[in-house]
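Visitor: So I've got this file, model18.txt, and it contains compact mmCIF, C-alpha atoms:
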# COMPACT_ATOMS: atom_id res chain seq x y z
CA MET P 1 53.78 75.25 -10.24
CA ILE P 2 55.89 73.62 -7.51
CA ASP P 3 52.73 72.79 -5.52
CA ILE P 4 51.21 71.09 -8.57
CA LEU P 5 54.41 69.10 -9.10
CA VAL P 6 54.47 68.00 -5.45
CA SER P 7 50.81 66.96 -5.67
CA ILE P 8 51.53 64.86 -8.76
CA ILE P 9 54.47 63.20 -7.03
CA HIS P 10 52.34 62.38 -3.96
CA ARG P 11 49.59 60.90 -6.09
CA THR P 12 52.05 58.83 -8.06
CA ALA P 13 53.68 57.56 -4.88
CA LEU P 14 50.30 56.67 -3.43
CA CYS P 15 49.34 54.75 -6.57
CA ILE P 16 52.66 52.89 -6.51
CA LEU P 17 52.10 52.07 -2.82
CA VAL P 18 48.58 50.76 -3.51
CA VAL P 19 49.84 48.65 -6.41
CA LEU P 20 52.63 47.24 -4.25
CA MET P 21 50.16 46.45 -1.45
CA LEU P 22 47.78 44.74 -3.87
CA ALA P 23 50.64 42.78 -5.37
CA ALA P 24 51.72 41.74 -1.90
CA CYS P 25 48.14 40.61 -1.18
CA SER P 26 47.74 38.66 -4.41
CA GLN P 27 45.74 35.45 -4.05
CA TYR P 28 48.69 33.62 -5.59
CA SER P 29 51.29 35.08 -3.22
CA THR P 30 53.01 32.78 -0.75
CA LYS P 31 54.06 35.59 1.59
CA SER P 32 52.71 35.33 5.13
CA GLY P 33 51.09 38.77 4.97
CA ALA P 34 49.17 37.94 1.79
CA ILE P 35 48.11 34.56 3.11
CA GLY P 36 46.93 36.10 6.38
CA PHE P 37 44.90 38.71 4.48
CA HIS P 38 43.20 36.08 2.28
CA ASN P 39 42.62 33.72 5.20
CA PHE P 40 40.79 36.50 7.05
CA SER P 41 38.83 37.71 4.01
CA ALA P 42 37.91 34.21 2.87
CA ARG P 43 36.71 33.07 6.25
CA TYR P 44 34.65 36.06 7.32
CA ASN P 45 33.57 37.53 3.99
CA ALA P 46 32.62 34.36 2.12
CA TYR P 47 33.19 30.95 3.72
CA PHE P 48 31.42 31.73 7.01
CA MET P 49 28.31 33.01 5.21
CA ALA P 50 28.35 30.11 2.74
CA ASP P 51 28.60 27.63 5.60
CA GLN P 52 25.69 29.36 7.37
CA ASP P 53 23.56 29.20 4.22
CA LEU P 54 24.25 25.47 3.84
CA PHE P 55 23.47 24.88 7.52
CA GLU P 56 20.13 26.69 7.21
CA ALA P 57 19.32 24.78 4.02
CA GLU P 58 19.98 21.43 5.69
CA MET P 59 17.84 22.42 8.69
CA ALA P 60 14.98 23.43 6.37
CA MET P 61 15.21 20.15 4.45
CA LYS P 62 15.26 18.05 7.62
CA LYS P 63 12.29 19.95 9.00
CA ALA P 64 10.29 19.31 5.81
CA TYR P 65 11.31 15.63 5.60
CA LYS P 66 8.87 13.12 7.09
CA ASP P 67 10.20 9.74 8.17
CA ASP P 68 8.17 6.67 7.22
CA TYR P 69 8.48 4.40 10.24
CA ASN P 70 6.93 1.51 8.31
CA GLN P 71 10.09 1.50 6.17
CA LEU P 72 13.72 0.97 7.14
CA LEU P 73 14.96 4.39 8.18
CA PRO P 74 18.16 5.45 6.38
CA ILE P 75 21.12 5.95 8.71
CA LEU P 76 21.99 9.22 6.96
CA PHE P 77 19.73 11.98 5.68
CA PRO P 78 19.14 11.40 1.95
CA ILE P 79 20.38 13.69 -0.83
CA ASP P 80 17.29 14.47 -2.90
CA SER P 81 16.75 17.43 -5.23
CA VAL P 82 12.98 17.31 -4.57
CA LEU P 83 13.57 17.68 -0.84
CA ALA P 84 15.90 20.58 -1.60
CA LEU P 85 13.25 22.68 -3.36
CA PRO P 86 12.19 24.59 -0.20
CA ALA P 87 15.86 25.40 0.48
CA LYS P 88 16.87 26.28 -3.08
CA ALA P 89 17.55 29.96 -2.27
CA GLN P 90 19.89 29.10 0.62
CA LEU P 91 21.73 26.48 -1.44
CA GLU P 92 22.23 28.88 -4.33
CA GLY P 93 23.46 31.45 -1.82
CA ALA P 94 25.94 28.94 -0.41
CA ILE P 95 27.24 28.22 -3.93
CA LYS P 96 27.60 31.90 -4.77
CA LYS P 97 29.50 32.73 -1.57
CA ALA P 98 31.70 29.64 -1.61
CA SER P 99 32.61 30.44 -5.22
CA ILE P 100 34.07 33.78 -4.06
CA VAL P 101 36.71 31.89 -2.10
CA ALA P 102 37.52 29.71 -5.11
CA GLU P 103 37.76 32.75 -7.41
CA LYS P 104 39.47 35.35 -5.21
CA HIS P 105 41.27 33.59 -2.35
CA GLN P 106 43.24 30.74 -3.91
CA ASN P 107 46.00 30.91 -1.27
CA SER P 108 43.50 30.78 1.61
CA ARG P 109 43.34 27.84 3.99
CA TRP P 110 39.56 27.87 3.48
CA ILE P 111 39.70 26.92 -0.19
CA ASP P 112 39.19 23.18 0.47
CA ASN P 113 36.28 23.80 2.84
CA SER P 114 34.62 26.07 0.29
CA TYR P 115 34.87 23.43 -2.43
CA ILE P 116 33.22 20.92 -0.08
CA ILE P 117 30.34 23.38 0.42
CA LEU P 118 30.14 23.79 -3.35
CA GLY P 119 30.04 20.03 -3.82
CA LYS P 120 27.38 19.36 -1.18
CA SER P 121 25.15 22.24 -2.29
CA ARG P 122 25.27 21.19 -5.93
CA LEU P 123 24.48 17.59 -5.01
CA TYR P 124 21.44 18.72 -3.02
CA LEU P 125 20.25 20.69 -6.05
CA GLY P 126 20.66 17.64 -8.29
CA GLN P 127 23.71 19.05 -10.10
CA TRP P 128 25.55 15.74 -9.77
CA ALA P 129 28.36 16.22 -12.30
CA ASP P 130 29.39 19.62 -10.87
CA GLY P 131 29.00 18.41 -7.29
CA LEU P 132 31.18 15.34 -7.82
CA GLU P 133 33.77 17.43 -9.68
CA ALA P 134 34.09 19.85 -6.74
CA LEU P 135 34.62 17.00 -4.27
CA ARG P 136 37.14 15.26 -6.50
CA TYR P 137 39.01 18.56 -6.86
CA VAL P 138 39.51 18.67 -3.08
CA PHE P 139 40.84 15.13 -3.05
CA ALA P 140 43.22 15.81 -5.95
CA ASN P 141 44.38 19.30 -4.96
CA GLY P 142 43.55 19.75 -1.29
CA ARG P 143 46.24 21.01 1.07
CA ASP P 144 44.72 19.67 4.29
CA GLU P 145 44.47 15.90 4.72
CA ASN P 146 41.45 16.19 7.01
CA ASP P 147 39.60 18.29 4.40
CA LYS P 148 40.47 15.75 1.72
CA ASN P 149 39.07 12.95 3.87
CA ASN P 150 35.89 14.92 4.58
CA ALA P 151 35.41 15.52 0.85
CA LEU P 152 35.78 11.78 0.22
CA ILE P 153 33.14 10.98 2.83
CA VAL P 154 30.64 13.26 1.06
CA LEU P 155 31.68 11.70 -2.26
CA MET P 156 31.11 8.25 -0.80
CA LYS P 157 27.60 9.23 0.32
CA ALA P 158 26.86 10.55 -3.17
CA TYR P 159 27.86 7.20 -4.68
CA ILE P 160 25.58 5.41 -2.20
CA ILE P 161 22.61 7.61 -3.12
CA LYS P 162 23.17 6.69 -6.77
CA LYS P 163 23.54 3.01 -5.75
CA ASP P 164 27.07 2.98 -7.15
CA PHE P 165 28.14 0.63 -4.36
CA SER P 166 31.35 -0.44 -6.10
CA ASN P 167 32.81 3.08 -6.17
CA ALA P 168 31.49 3.79 -2.67
CA LEU P 169 33.25 0.70 -1.35
CA GLY P 170 36.45 1.76 -3.12
CA VAL P 171 36.37 5.12 -1.33
CA ALA P 172 35.64 3.35 1.97
CA GLU P 173 38.63 1.04 1.57
CA TYR P 174 40.91 4.01 0.86
CA LEU P 175 39.63 5.95 3.90
CA SER P 176 40.02 2.92 6.17
CA GLN P 177 43.79 3.16 5.58
CA GLN P 178 44.04 6.89 6.39
CA PRO P 179 44.67 8.47 9.80
CA LEU P 180 41.33 10.13 10.57
CA SER P 181 40.44 12.75 13.14
CA LYS P 182 37.88 11.88 15.82
CA SER P 183 35.02 13.74 14.12
CA THR P 184 35.96 12.30 10.73
CA ILE P 185 36.04 8.76 12.16
CA LYS P 186 32.45 9.21 13.35
CA ASP P 187 31.29 10.45 9.94
CA PHE P 188 33.21 7.70 8.16
CA TYR P 189 31.73 4.94 10.35
CA LEU P 190 28.17 6.21 9.84
CA THR P 191 28.64 6.57 6.08
CA LYS P 192 30.13 3.09 5.78
CA ALA P 193 27.29 1.66 7.89
CA TYR P 194 24.90 3.49 5.56
CA LEU P 195 26.62 1.90 2.55
CA HIS P 196 26.07 -1.62 3.86
CA GLN P 197 22.53 -0.84 5.06
CA GLN P 198 21.49 0.42 1.62
CA ASN P 199 23.12 -2.63 0.01
CA GLY P 200 21.11 -4.96 2.26
CA GLU P 201 24.16 -6.12 4.25
CA TYR P 202 22.59 -5.63 7.66
CA LEU P 203 25.02 -7.64 9.77
CA THR P 204 27.99 -5.62 8.50
CA SER P 205 26.11 -2.36 8.91
CA LEU P 206 25.18 -3.24 12.49
CA ALA P 207 28.73 -4.26 13.38
CA ILE P 208 29.94 -0.82 12.27
CA LEU P 209 27.10 0.97 14.07
CA GLU P 210 27.90 -0.77 17.34
CA GLU P 211 31.38 0.77 17.10
CA SER P 212 29.87 4.16 16.25
CA PHE P 213 27.39 4.62 19.10
CA PRO P 214 30.05 5.47 21.75
CA LEU P 215 31.12 8.37 19.48
CA LEU P 216 27.62 9.86 19.21
CA LYS P 217 26.16 12.52 21.46
CA LYS P 218 22.63 12.34 22.82
CA SER P 219 20.36 13.82 20.15
CA THR P 220 17.32 13.18 17.96
CA GLU P 221 19.67 12.12 15.15
CA THR P 222 21.26 9.52 17.44
CA ALA P 223 17.77 8.30 18.38
CA LYS P 224 17.02 7.84 14.68
CA ILE P 225 20.20 5.80 14.16
CA HIS P 226 19.26 3.56 17.11
CA PHE P 227 15.82 3.12 15.51
CA ALA P 228 17.42 2.10 12.20
CA ALA P 229 19.67 -0.37 14.05
CA ALA P 230 16.65 -1.88 15.82
CA GLN P 231 14.82 -2.26 12.50
CA MET P 232 17.78 -4.12 10.99
CA TYR P 233 17.92 -6.45 14.00
CA ASP P 234 14.17 -7.02 13.50
CA ARG P 235 14.79 -8.03 9.89
CA LEU P 236 17.44 -10.47 11.06
CA GLY P 237 15.04 -11.96 13.62
CA GLN P 238 17.19 -10.83 16.57
CA TYR P 239 14.33 -9.33 18.53
CA ALA P 240 16.07 -9.02 21.90
CA LEU P 241 18.88 -6.94 20.36
CA ALA P 242 16.28 -4.92 18.48
CA ASN P 243 14.51 -4.08 21.73
CA LYS P 244 17.80 -3.00 23.26
CA HIS P 245 18.06 -0.32 20.60
CA TYR P 246 14.37 0.61 20.77
CA LYS P 247 15.03 1.27 24.45
CA SER P 248 18.04 3.44 23.51
CA VAL P 249 15.78 5.46 21.19
CA MET P 250 13.83 6.64 24.22
CA LYS P 251 17.06 7.80 25.91
CA ASN P 252 18.11 10.04 23.02
CA ARG P 253 15.42 12.73 22.71
CA PRO P 254 13.21 11.20 20.01
CA ASN P 255 10.32 13.20 18.60
CA TYR P 256 6.85 11.99 19.60
CA ASP P 257 6.20 9.85 16.52
CA MET P 258 9.59 8.15 16.73
CA GLY P 259 9.05 7.37 20.41
CA PHE P 260 5.58 6.02 19.66
CA TYR P 261 6.70 3.71 16.84
CA SER P 262 9.65 2.58 18.92
CA SER P 263 7.24 1.55 21.70
CA MET P 264 4.93 -0.22 19.22
CA ASN P 265 7.76 -2.17 17.58
CA SER P 266 9.25 -3.06 20.95
CA LEU P 267 5.86 -4.32 22.09
CA GLN P 268 5.54 -6.55 19.02
CA ASN P 269 8.94 -8.06 19.80
CA ARG P 270 8.02 -8.55 23.44
CA ILE P 271 4.98 -10.63 22.44
CA ILE P 272 7.21 -12.78 20.21
CA LEU P 273 9.87 -13.17 22.92
CA GLU P 274 7.31 -13.78 25.67
CA PRO P 275 4.44 -15.76 24.06
CA GLY P 276 2.57 -16.00 27.35
CA THR P 277 2.07 -12.25 27.61
CA ASN P 278 -1.57 -11.27 28.13
CA LEU P 279 -2.45 -8.76 25.42
CA SER P 280 -5.13 -7.20 27.59
CA THR P 281 -2.52 -6.03 30.10
CA VAL P 282 -0.05 -4.29 27.78
CA GLY P 283 -1.92 -0.98 27.63
CA PHE P 284 -3.45 -0.86 24.16
CA HIS P 285 -6.74 0.56 25.41
CA ASN P 286 -4.94 3.33 27.29
CA MET P 287 -3.02 4.18 24.13
CA LEU P 288 -6.22 4.30 22.11
CA SER P 289 -7.90 6.65 24.58
CA ASP P 290 -4.89 8.98 24.84
CA ARG P 291 -5.70 12.16 22.87
CA LYS P 292 -2.04 12.55 21.86
CA ASN P 293 -2.43 9.34 19.85
CA THR P 294 -5.53 10.42 17.91
CA ASP P 295 -3.59 10.49 14.61
CA LEU P 296 -1.82 7.24 15.48
CA ARG P 297 -4.79 5.04 16.40
CA ASP P 298 -4.51 3.29 13.02
CA ARG P 299 -1.00 2.14 13.92
CA ILE P 300 -2.16 0.87 17.33
CA TYR P 301 -4.93 -1.22 15.72
CA PHE P 302 -2.43 -2.38 13.08
CA THR P 303 -0.06 -3.60 15.81
CA MET P 304 -2.93 -5.35 17.60
CA GLY P 305 -3.81 -7.05 14.32
CA LEU P 306 -0.24 -8.26 13.80
CA LEU P 307 -0.07 -9.66 17.32
CA ALA P 308 -3.44 -11.42 16.96
CA GLU P 309 -2.30 -12.97 13.68
CA HIS P 310 0.94 -14.09 15.33
CA ARG P 311 -1.21 -15.98 17.82
CA LYS P 312 -3.28 -17.53 14.97
CA GLN P 313 -6.35 -15.53 16.03
CA LEU P 314 -7.31 -14.65 12.46
CA PRO P 315 -10.87 -13.30 13.01
CA GLU P 316 -9.54 -10.93 15.70
CA ALA P 317 -6.60 -9.98 13.48
CA ILE P 318 -8.90 -9.07 10.58
CA ASP P 319 -11.18 -7.10 12.90
CA TYR P 320 -8.26 -5.04 14.26
CA LEU P 321 -6.88 -4.42 10.78
CA GLN P 322 -10.26 -3.26 9.52
CA LYS P 323 -10.45 -0.89 12.50
CA SER P 324 -7.01 0.37 11.50
CA VAL P 325 -8.30 1.16 8.00
CA ALA P 326 -11.29 2.98 9.47
CA ALA P 327 -9.05 5.00 11.82
CA SER P 328 -6.63 6.09 9.09
CA THR P 329 -6.99 9.78 8.28
CA GLY P 330 -6.04 11.49 5.03
CA ASN P 331 -2.55 12.16 6.42
CA ASN P 332 -2.01 8.45 7.09
CA ALA P 333 -2.60 7.09 3.60
CA THR P 334 0.68 5.18 3.69
CA GLN P 335 -0.30 3.34 6.87
CA LYS P 336 -3.65 2.45 5.29
CA ALA P 337 -1.80 0.99 2.30
CA TYR P 338 0.25 -1.30 4.55
CA THR P 339 -2.89 -2.36 6.41
CA TYR P 340 -4.55 -3.27 3.10
CA LEU P 341 -1.46 -5.30 2.18
CA GLN P 342 -1.67 -7.18 5.47
CA LEU P 343 -5.34 -7.96 4.88
CA ALA P 344 -4.57 -9.06 1.32
CA ARG P 345 -1.85 -11.41 2.54
CA ILE P 346 -4.01 -12.99 5.27
CA ASN P 347 -6.92 -13.56 2.88
CA TYR P 348 -4.61 -15.04 0.26
CA GLU P 349 -2.26 -17.19 2.35
CA SER P 350 -4.39 -18.23 5.33
CA LEU P 351 -8.03 -18.01 4.21
CA GLU P 352 -7.66 -18.62 0.44
CA LYS P 353 -10.22 -15.89 -0.25
CA PHE P 354 -8.58 -14.93 -3.50
CA GLU P 355 -11.14 -12.44 -4.80
CA LEU P 356 -11.13 -10.55 -1.50
CA SER P 357 -7.34 -10.61 -1.44
CA LYS P 358 -7.31 -9.16 -4.96
CA ALA P 359 -9.62 -6.34 -3.84
CA TYR P 360 -7.29 -5.46 -0.95
CA TYR P 361 -4.28 -5.45 -3.28
CA ASP P 362 -6.19 -3.10 -5.59
CA SER P 363 -6.91 -0.76 -2.67
CA ALA P 364 -3.29 -0.86 -1.47
CA LEU P 365 -1.83 -0.06 -4.88
CA ALA P 366 -4.21 2.86 -5.31
CA ILE P 367 -2.57 4.72 -2.38
CA LEU P 368 0.86 3.12 -1.95
CA PRO P 369 3.57 5.61 -3.05
CA GLN P 370 5.25 4.42 -6.25
CA GLU P 371 8.67 5.11 -4.68
CA ALA P 372 7.92 2.65 -1.86
CA PRO P 373 10.38 -0.28 -1.98
CA GLU P 374 7.62 -2.89 -2.16
CA TYR P 375 5.57 -1.13 -4.84
CA LYS P 376 6.94 -3.16 -7.78
CA LEU P 377 6.68 -6.45 -5.89
CA VAL P 378 3.08 -5.73 -4.89
CA SER P 379 2.24 -4.59 -8.43
CA ASP P 380 3.66 -7.81 -9.90
CA ARG P 381 1.84 -9.94 -7.34
CA LYS P 382 -1.41 -8.10 -8.02
CA ARG P 383 -1.15 -8.74 -11.78
CA ALA P 384 -0.48 -12.44 -11.16
CA LEU P 385 -3.42 -12.60 -8.77
CA ASP P 386 -5.69 -10.87 -11.31
CA SER P 387 -4.94 -13.63 -13.80
CA PHE P 388 -5.34 -16.34 -11.19
CA VAL P 389 -8.70 -14.98 -9.92
CA THR P 390 -10.03 -14.83 -13.50
CA GLU P 391 -9.15 -18.49 -14.09
CA PHE P 392 -10.34 -19.48 -10.62
CA THR P 393 -13.70 -17.77 -11.19
CA ILE P 394 -14.18 -19.58 -14.51
CA VAL P 395 -13.44 -22.97 -12.94
CA THR P 396 -15.63 -22.24 -9.91
CA THR P 397 -18.50 -21.08 -12.12
CA GLU P 398 -18.30 -24.19 -14.29
CA ASP P 399 -18.26 -26.44 -11.20
CA SER P 400 -21.28 -24.61 -9.81
CA LEU P 401 -23.20 -24.92 -13.09
CA GLN P 402 -22.50 -28.63 -13.25
CA LYS P 403 -23.74 -29.07 -9.69
CA LEU P 404 -26.88 -27.04 -10.42
CA ALA P 405 -27.57 -29.11 -13.57
CA GLN P 406 -27.56 -32.29 -11.50
CA MET P 407 -30.17 -30.97 -9.00
CA ASN P 408 -33.88 -31.84 -9.26
CA PRO P 409 -36.19 -28.96 -10.35
CA VAL P 410 -37.63 -28.28 -6.87
CA ALA P 411 -34.21 -28.11 -5.22
CA LEU P 412 -32.94 -25.94 -8.06
CA ASP P 413 -35.81 -23.46 -7.62
CA ASN P 414 -35.14 -23.29 -3.87
CA LYS P 415 -31.45 -22.68 -4.50
CA ILE P 416 -32.15 -19.83 -6.96
CA ASP P 417 -34.69 -18.26 -4.58
CA ALA P 418 -32.13 -18.38 -1.75
CA ILE P 419 -29.52 -16.64 -3.92
CA ILE P 420 -32.02 -13.93 -4.92
CA ASP P 421 -33.06 -13.39 -1.28
CA ALA P 422 -29.45 -13.12 -0.14
CA ARG P 423 -28.61 -10.54 -2.80
CA GLU P 424 -31.75 -8.53 -1.99
CA LYS P 425 -30.76 -8.40 1.70
CA VAL P 426 -27.33 -7.13 0.77
CA ARG P 427 -28.88 -4.47 -1.49
CA LEU P 428 -31.24 -3.26 1.24
CA ALA P 429 -28.44 -3.15 3.81
CA GLU P 430 -26.30 -1.06 1.45
CA GLU P 431 -29.18 1.38 0.87
CA LYS P 432 -29.65 1.85 4.62
CA SER P 433 -25.93 2.50 5.17
Write the structure described by the file as structure tokens, please.

Guide:
Amino acid sequence: MIDILVSIIHRTALCILVVLMLAACSQYSTKSGAIGFHNFSARYNAYFMADQDLFEAEMAMKKAYKDDYNQLLPILFPIDSVLALPAKAQLEGAIKKASIVAEKHQNSRWIDNSYIILGKSRLYLGQWADGLEALRYVFANGRDENDKNNALIVLMKAYIIKKDFSNALGVAEYLSQQPLSKSTIKDFYLTKAYLHQQNGEYLTSLAILEESFPLLKKSTETAKIHFAAAQMYDRLGQYALANKHYKSVMKNRPNYDMGFYSSMNSLQNRIILEPGTNLSTVGFHNMLSDRKNTDLRDRIYFTMGLLAEHRKQLPEAIDYLQKSVAASTGNNATQKAYTYLQLARINYESLEKFELSKAYYDSALAILPQEAPEYKLVSDRKRALDSFVTEFTIVTTEDSLQKLAQMNPVALDNKIDAIIDAREKVRLAEEKS
């Protein structure tokens, strides 16, 4: 009986001890022991794994993303739910693990970081309302000023993606008045440069980037930012400064395609800056024969066409551009679209061959991605040209009929025979091909 009583007392004491320990380790406790316990548990049992999942998701998205070097490269990697589809499992894992910190470790120092992971992951998945709410929570309730600033930088990027430039600028102005850590300054500068780039304010964006480059380490991402800077200088007509950054691309571990396009763009600028340059000595033929450039031959011919046009050598320009079209493979449909647009423009503006220009616009629109920035402009121009060509054809036909009516019968018969012969030759040539 005494043994049973002692056993009951021991069990009761143990239960009381466990309850006291749990109470001491409550996620709402401010005692150092409880905070230490939740800091350790939050970091290694949830936050670390959530952060790893997000890192792997971002790597997968960047690997799947293909830069279009014909377009202005964004300074920052875009937030796009379509791009996130291959990384959906990792992003959902990051959300699940980060939520553990928010639910079970409220007194942990990792709570702010976990909410930032929640915010970023939800934004990637297209859950904008929940993502923005998580980031705003950090700003309103965060305990660490650096974490609050980091949350605001992600929030600012989200506003930029949605083209809410007013709110993005408001966040930028607030952050510009805060004391920022070195790593946060770098992220803030790049995000603010991204804001002005996406809003078409290239001079402001470039001014900020020039301050940012000393903070960046040598990497492919840095090479990409130099490429974007060079493209903006190109758009401003500052070709020497553009070439300075194209040269910096090559010093920062670019991938092969980025290095190739950097060389092509730099070469175009060199011809503009040095009009006396002999095109036959710049190495185009070596580039065309290099097997590494097999999938890029269309871009080489395209560049040769642009340079020939710049020198008013229109027949040569058209020949090179047509070779570019012929060299474009199925994977290079976008490049083919831009080549068609160039041919359409030359035939419209310089040669006044409106029907041929219309045909090239038709071909370009058939393969140009609808999300391309110039798609709407090209579509509108094509519709206007369709109407113009219809009217132009009517007027031309009427003029031709009037001229034919004024001819004597013998001359008229000869003219008709010549037209029939010409069309028959075209038909026979098409059958042979």

Visitor: Can you measure CA of Ala172 (chain P) to CA of Met156 (chain P) for me? One decimal in Å is fine.

Guide: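 Between CA of Ala172 (chain P) and CA of Met156 (chain P) the gap is 7.2 Å.
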
Visitor: Could you list, as a PDB file with C-alpha atoms, in the frame of the given file, every residue within 9 Å of Phe227 (chain P), counting all atoms listed in the file and ignoring same-chain residues fewer than 3 positions away?

Guide:
ATOM      1  CA  LEU P  72      13.720   0.970   7.140  1.00  0.00           C
ATOM      2  CA  LEU P  73      14.960   4.390   8.180  1.00  0.00           C
ATOM      3  CA  THR P 222      21.260   9.520  17.440  1.00  0.00           C
ATOM      4  CA  ALA P 223      17.770   8.300  18.380  1.00  0.00           C
ATOM      5  CA  LYS P 224      17.020   7.840  14.680  1.00  0.00           C
ATOM      6  CA  ALA P 230      16.650  -1.880  15.820  1.00  0.00           C
ATOM      7  CA  GLN P 231      14.820  -2.260  12.500  1.00  0.00           C
ATOM      8  CA  MET P 232      17.780  -4.120  10.990  1.00  0.00           C
ATOM      9  CA  ALA P 242      16.280  -4.920  18.480  1.00  0.00           C
ATOM     10  CA  HIS P 245      18.060  -0.320  20.600  1.00  0.00           C
ATOM     11  CA  TYR P 246      14.370   0.610  20.770  1.00  0.00           C
ATOM     12  CA  SER P 248      18.040   3.440  23.510  1.00  0.00           C
ATOM     13  CA  VAL P 249      15.780   5.460  21.190  1.00  0.00           C
ATOM     14  CA  MET P 258       9.590   8.150  16.730  1.00  0.00           C
ATOM     15  CA  SER P 262       9.650   2.580  18.920  1.00  0.00           C
TER      16      SER P 262
END

Visitor: CA of Val325 (chain P) and CA of Gln71 (chain P), how far apart in Å?

Guide: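 Result for CA of Gln71 (chain P) versus CA of Val325 (chain P): 18.5 Å, one decimal.
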
Visitor: Select, from P:Lys162, P:Lys182, P:Lys251, P:His196, the residue with the minimum atom-to-atom distance to Ile75 (chain P), counting only C-alpha atoms.

Guide: P:His196

Visitor: From the options P:Leu152, P:Ala229, P:Arg291, P:Ala366, which residue's atoms come nearest to Thr204 (chain P), counting all atoms listed in the file?

Guide: P:Ala229

Visitor: Considering all atoms listed in the file, state which residue in the set P:Pro373, P:Pro214, P:Gly200, P:Gly93 is at the smallest distance from Met49 (chain P).

Guide: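 Going through P:Pro373, P:Pro214, P:Gly200, P:Gly93 one by one, the smallest distance to Met49 (chain P) is for P:Gly93.
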
Visitor: Taking (-4.8, 0.3, 15.3) in the file's own coordinates, collect the residues within 8 Å, counting all atoms listed in the file, and hand them back as a list in words.

Guide: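 Applying the cut-off with all atoms listed in the file, one gets Leu296, Arg297, Asp298, Arg299, Ile300, Tyr301, Phe302, Thr303, Met304, Gly305, Tyr320, Leu321, Lys323, Ser324 and Ala327 of chain P.
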
Visitor: Using Å and a single decimal, report how far CA of Asn113 (chain P) sits from CA of Glu145 (chain P).

Guide: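 Value for the CA of Glu145 (chain P)-CA of Asn113 (chain P) distance: 11.5 Å.
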
Visitor: Every residue with an atom at most 12 Å from (14.5, -13.2, 17.8) (file coordinates; all atoms listed in the file) is what I'm after, so could you write them as a list in words?

Guide: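 Here is the list of nearby residues: Ala230, Met232, Tyr233, Asp234, Arg235, Leu236, Gly237, Gln238, Tyr239, Ala240, Leu241, Ala242, Asn243, Ser266, Gln268, Asn269, Arg270, Ile271, Ile272, Leu273 and Glu274 of chain P.
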
Visitor: Measuring atom to atom with only C-alpha atoms, identify which of P:Leu368, P:Leu314, P:Asn199, P:Asn167 is nearest to Glu349 (chain P).

Guide: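 For Glu349 (chain P), the nearest of the given residues is P:Leu314.
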
Visitor: Determine the nearest neighbour of Asp51 (chain P) from the options P:Ile117, P:Ile100, P:Leu85, P:Ala64, counting all atoms listed in the file.

Guide: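 Smallest distance to Asp51 (chain P) is found for P:Ile117.
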
Visitor: Smallest atom-to-atom distance to Tyr159 (chain P): which of P:Gln370, P:Ser212, P:Thr191, P:Gln313, using all atoms listed in the file?

Guide: P:Thr191
